[in-house]
Amino acid sequence: MKRNFSVKEFLFDILCAVVSGIIVGSAYYFFQNSNGFAPGGVGGLATITHYLFADKISWSILMIAFNLPIFILVSAMVNKKLGMMLSIYMVVQSCIPYFYKAIGAMPYCLANNQADFNIVFACIATGVISGFGFSLMLKRFGASGGTYGISALIKKAKPEINVAYVSFIMDTSVVLIAFFVYGMKITPVMCTLLNLFIANIIVDNGLSGIKNGYKFEIVTSHPNELSDELIARLKHGVTQINVHGMYSDSDKYMLVCIINKRQIGEMMKIIKSHPDTFASFEKVNEVFGNFKRKV
C-alpha cells in the first residue's frame, strides 16, 4: 500500500537536512578548511582539490560539483526524496561558509597561532561537530554524503556487492592522497585519520540513540516483594515471567526491568539485599514509549 504524503513530515525532513548542513558546514569552515587536513569521502577529495588549486576555486563550488551529480543520480535511480534531501543538505553545507565570511567570522586556526596542537584541536572539533551532523542525516535518511550516495547507486546496480568496502576505499584514498598533497607530512595524515575515527564514534553513538538504558533479567523465588521495591525505589515498571530452574528443578520467576545508567548501582544494592536472587543485564540502545503506572 502506498504511503500517504505528509506535508508536516516533508517539512520536517527539509528542516533536518538544513540543520545538518549548517552543522557540518560550520565544522568545515571553522575547524577544517584552513587547517591543512581533509575529511573523508567525497568531501575530502573536494577539499584536497581546493588545496591543489591554491584556493583559486571556491571550496563551496567544488563540494557542490563533486557531490550534487551523485545526488541527482540517487534521485533518478534510487529514491527521489532521498536525492532531494541530500541535495538540500549539500547546498546548505556548501553555502554556509559564505554566510560566515559575510559576518566576518574567523576560522579557528586563523584566529589562533598555526601551531600543531591547534591543528589537532581543530581536527578533534571537526570530527565531533561534523559527526553529530552526519548522525542526524543518517538517522533520518540513512545517508549523509557523496560516499553514501555512491554506495546506494552501487547497491542498486549490484545488490550482491558489500558496499561497506566503498566507504573504506574512499576514506583510504583520501588518506593516501592527503599524504602527498600536503607535502608528504605525517601531521595531515594523522589529522585525517583522527577526524575519521572521531566522526565515526560520534555517528555510532548518535545512531544508538540518546534514550539508551540497561535491561536487567532477575531470577528470583519472591517476585512480589522484589518487584514492589524496584517500582518504589527506581520508578520503573517490572515485567514478570514464569520460568523453571533446570538445575534446582523448581519453579522460579524472572523479572525484567529497564533502567537508566545512573541507576545501576541502586539496582545492584536491591538485588544483593534479596537472597536466592541472581541477575544479568545488557545495554539497550533505544527505549521507546512511556510507562505510566495506573493509580
# chains A, B, ... in the order shown; residues from 1 in each chain; ligands from 1
>>> residues_around(residues="Ile64 of chain A", least_positions_apart="4", cutoff="9 Å", atoms="only C-alpha atoms", output="number ranges by chain")
A: 46, 59-60, 68-69, 87, 90-91, 94
>>> closest_atom_pairs(of="segment 161-260 of chain A", to="segment 119-138 of chain A", cutoff="10 Å", atoms="only C-alpha atoms", output="Markdown table")
| residue | atom | partner | partner_atom | distance |
| --- | --- | --- | --- | --- |
| A:Thr187 | CA | A:Val120 | CA | 8.6 |
| A:Pro188 | CA | A:Ile119 | CA | 8.9 |
| A:Met190 | CA | A:Val120 | CA | 8.9 |
| A:Cys191 | CA | A:Cys123 | CA | 5.8 |
| A:Thr192 | CA | A:Cys123 | CA | 7.5 |
| A:Leu193 | CA | A:Cys123 | CA | 9.4 |
| A:Leu194 | CA | A:Cys123 | CA | 7.0 |
| A:Asn195 | CA | A:Gly127 | CA | 4.7 |
| A:Leu196 | CA | A:Gly127 | CA | 6.6 |
| A:Phe197 | CA | A:Gly127 | CA | 7.6 |
| A:Ile198 | CA | A:Gly127 | CA | 5.0 |
| A:Ala199 | CA | A:Gly131 | CA | 4.2 |
| A:Asn200 | CA | A:Gly131 | CA | 6.6 |
| A:Ile201 | CA | A:Gly131 | CA | 7.8 |
| A:Ile202 | CA | A:Gly131 | CA | 5.2 |
| A:Val203 | CA | A:Ser135 | CA | 4.7 |
| A:Asp204 | CA | A:Ser135 | CA | 7.6 |
| A:Asn205 | CA | A:Ser135 | CA | 8.4 |
| A:Gly206 | CA | A:Ser135 | CA | 5.4 |
| A:Leu207 | CA | A:Ser135 | CA | 6.1 |
| A:Ser208 | CA | A:Ser135 | CA | 9.7 |
| A:Gly209 | CA | A:Ser135 | CA | 9.9 |
>>> residues_around(residues="Ile150 of chain A", least_positions_apart="5", cutoff="12 Å", atoms="only C-alpha atoms", output="JSON, numbers by chain")
{"A": [41, 42, 66, 67, 68, 69, 70, 71, 72, 73, 74, 75, 77, 78, 83, 143, 144, 145, 155, 156, 157, 158, 163, 164, 165, 166, 167, 169, 170]}
>>> write_last_selection(atoms="C-alpha atoms", output="PDB file, in the first residue's frame")
ATOM      1  CA  GLY A  41      34.952  10.546   1.402  1.00  0.00           C
ATOM      2  CA  VAL A  42      33.900  12.756  -1.484  1.00  0.00           C
ATOM      3  CA  PHE A  66      31.685  16.744  -6.579  1.00  0.00           C
ATOM      4  CA  ASN A  67      28.529  15.777  -4.676  1.00  0.00           C
ATOM      5  CA  LEU A  68      25.496  17.171  -6.486  1.00  0.00           C
ATOM      6  CA  PRO A  69      25.773  14.941  -9.602  1.00  0.00           C
ATOM      7  CA  ILE A  70      25.844  11.910  -7.299  1.00  0.00           C
ATOM      8  CA  PHE A  71      22.688  13.046  -5.511  1.00  0.00           C
ATOM      9  CA  ILE A  72      20.925  13.728  -8.801  1.00  0.00           C
ATOM     10  CA  LEU A  73      21.665  10.150  -9.861  1.00  0.00           C
ATOM     11  CA  VAL A  74      20.411   8.905  -6.483  1.00  0.00           C
ATOM     12  CA  SER A  75      17.194  10.853  -7.021  1.00  0.00           C
ATOM     13  CA  MET A  77      17.783   5.833  -9.906  1.00  0.00           C
ATOM     14  CA  VAL A  78      17.304   5.034  -6.214  1.00  0.00           C
ATOM     15  CA  GLY A  83      18.261  12.517  -3.534  1.00  0.00           C
ATOM     16  CA  ALA A 143      22.671   8.661   4.124  1.00  0.00           C
ATOM     17  CA  SER A 144      24.882  11.664   4.831  1.00  0.00           C
ATOM     18  CA  GLY A 145      27.103  12.441   1.861  1.00  0.00           C
ATOM     19  CA  LYS A 155      23.859  -1.386  -4.308  1.00  0.00           C
ATOM     20  CA  LYS A 156      21.119  -0.629  -6.832  1.00  0.00           C
ATOM     21  CA  ALA A 157      23.195  -1.913  -9.744  1.00  0.00           C
ATOM     22  CA  LYS A 158      24.926  -4.798  -7.932  1.00  0.00           C
ATOM     23  CA  VAL A 163      29.022  -1.553  -0.048  1.00  0.00           C
ATOM     24  CA  ALA A 164      30.986  -1.235   3.203  1.00  0.00           C
ATOM     25  CA  TYR A 165      34.086  -1.525   1.034  1.00  0.00           C
ATOM     26  CA  VAL A 166      33.106   1.670  -0.794  1.00  0.00           C
ATOM     27  CA  SER A 167      33.476   3.820   2.323  1.00  0.00           C
ATOM     28  CA  ILE A 169      38.202   2.609  -0.273  1.00  0.00           C
ATOM     29  CA  MET A 170      37.097   6.260  -0.383  1.00  0.00           C
TER      30      MET A 170
END
>>> atom_distance(atom1="atom CA of Pro107 of chain A", atom2="atom CA of Val18 of chain A")
21.3 Å
>>> closest_residue(among="A:Thr147, A:Ser173, A:Asn79, A:Gln240", to="Ile48 of chain A", atoms="only C-alpha atoms")
A:Ser173
>>> atom_distance(atom1="atom CA of Tyr89 of chain A", atom2="atom CA of Gln32 of chain A")
18.2 Å
>>> residues_around(residues="segment 218-223 of chain A", least_positions_apart="4", cutoff="6 Å", atoms="only C-alpha atoms", output="list in words")
Ser227, Lys252, Tyr253, Met254, Leu255, Thr277, Phe278 and Ala279 of chain A
>>> write_last_selection(atoms="C-alpha atoms", output="PDB file, in the first residue's frame")
ATOM      1  CA  SER A 227       9.148  -6.011  42.157  1.00  0.00           C
ATOM      2  CA  LYS A 252      11.088 -19.573  39.554  1.00  0.00           C
ATOM      3  CA  TYR A 253      10.141 -16.118  38.347  1.00  0.00           C
ATOM      4  CA  MET A 254      12.045 -13.799  36.056  1.00  0.00           C
ATOM      5  CA  LEU A 255      11.617 -10.047  36.495  1.00  0.00           C
ATOM      6  CA  THR A 277      18.234 -13.976  43.601  1.00  0.00           C
ATOM      7  CA  PHE A 278      20.609 -13.515  40.694  1.00  0.00           C
ATOM      8  CA  ALA A 279      20.555 -11.307  37.612  1.00  0.00           C
TER       9      ALA A 279
END
>>> closest_residue(among="A:Leu82, A:Leu52, A:Cys95, A:Ile270", to="Tyr148 of chain A", atoms="only C-alpha atoms")
A:Leu82
>>> atom_distance(atom1="atom CA of Val238 of chain A", atom2="atom CA of Leu226 of chain A")
9.7 Å
>>> closest_residue(among="A:Met85, A:Ile154, A:Met63, A:Val175", to="Pro97 of chain A", atoms="only C-alpha atoms")
A:Met63
>>> select_by_dssp(residues="segment 63-267 of chain A", states="strand (DSSP E)", output="PyMOL selection string")
chain A and resi 213-220+239-245+250-259
>>> residues_around(residues="Ala105 of chain A", least_positions_apart="6", cutoff="10 Å", atoms="only C-alpha atoms", output="ChimeraX atom specification")
/A:29-30,97,99,111
>>> write_last_selection(atoms="C-alpha atoms", output="mmCIF file, in the first residue's frame")
data_model
loop_
_atom_site.group_PDB
_atom_site.id
_atom_site.type_symbol
_atom_site.label_atom_id
_atom_site.label_comp_id
_atom_site.auth_asym_id
_atom_site.auth_seq_id
_atom_site.Cartn_x
_atom_site.Cartn_y
_atom_site.Cartn_z
ATOM 1 C CA TYR A 29 34.527 26.329 7.875
ATOM 2 C CA PHE A 30 35.760 26.958 11.403
ATOM 3 C CA PRO A 97 30.923 29.484 4.598
ATOM 4 C CA PHE A 99 27.487 33.491 5.429
ATOM 5 C CA ALA A 111 42.180 33.321 14.992
#
>>> residues_around(residues="Cys257 of chain A", least_positions_apart="3", cutoff="7 Å", atoms="only C-alpha atoms", output="list in words")
Lys215, Phe216, Glu217, Gly237, Val238 and Thr239 of chain A
>>> select_by_dssp(residues="segment 34-200 of chain A", states="helix (DSSP H, G or I)", output="PyMOL selection string")
chain A and resi 41-52+59-77+80-102+108-111+116-141+146-157+164-181+186-200
>>> closest_residue(among="A:Met268, A:Val181, A:Gly142, A:Val284", to="Leu230 of chain A", atoms="only C-alpha atoms")
A:Met268
>>> closest_residue(among="A:Tyr98, A:Phe281, A:Tyr182, A:Tyr214", to="Thr49 of chain A", atoms="only C-alpha atoms")
A:Tyr182
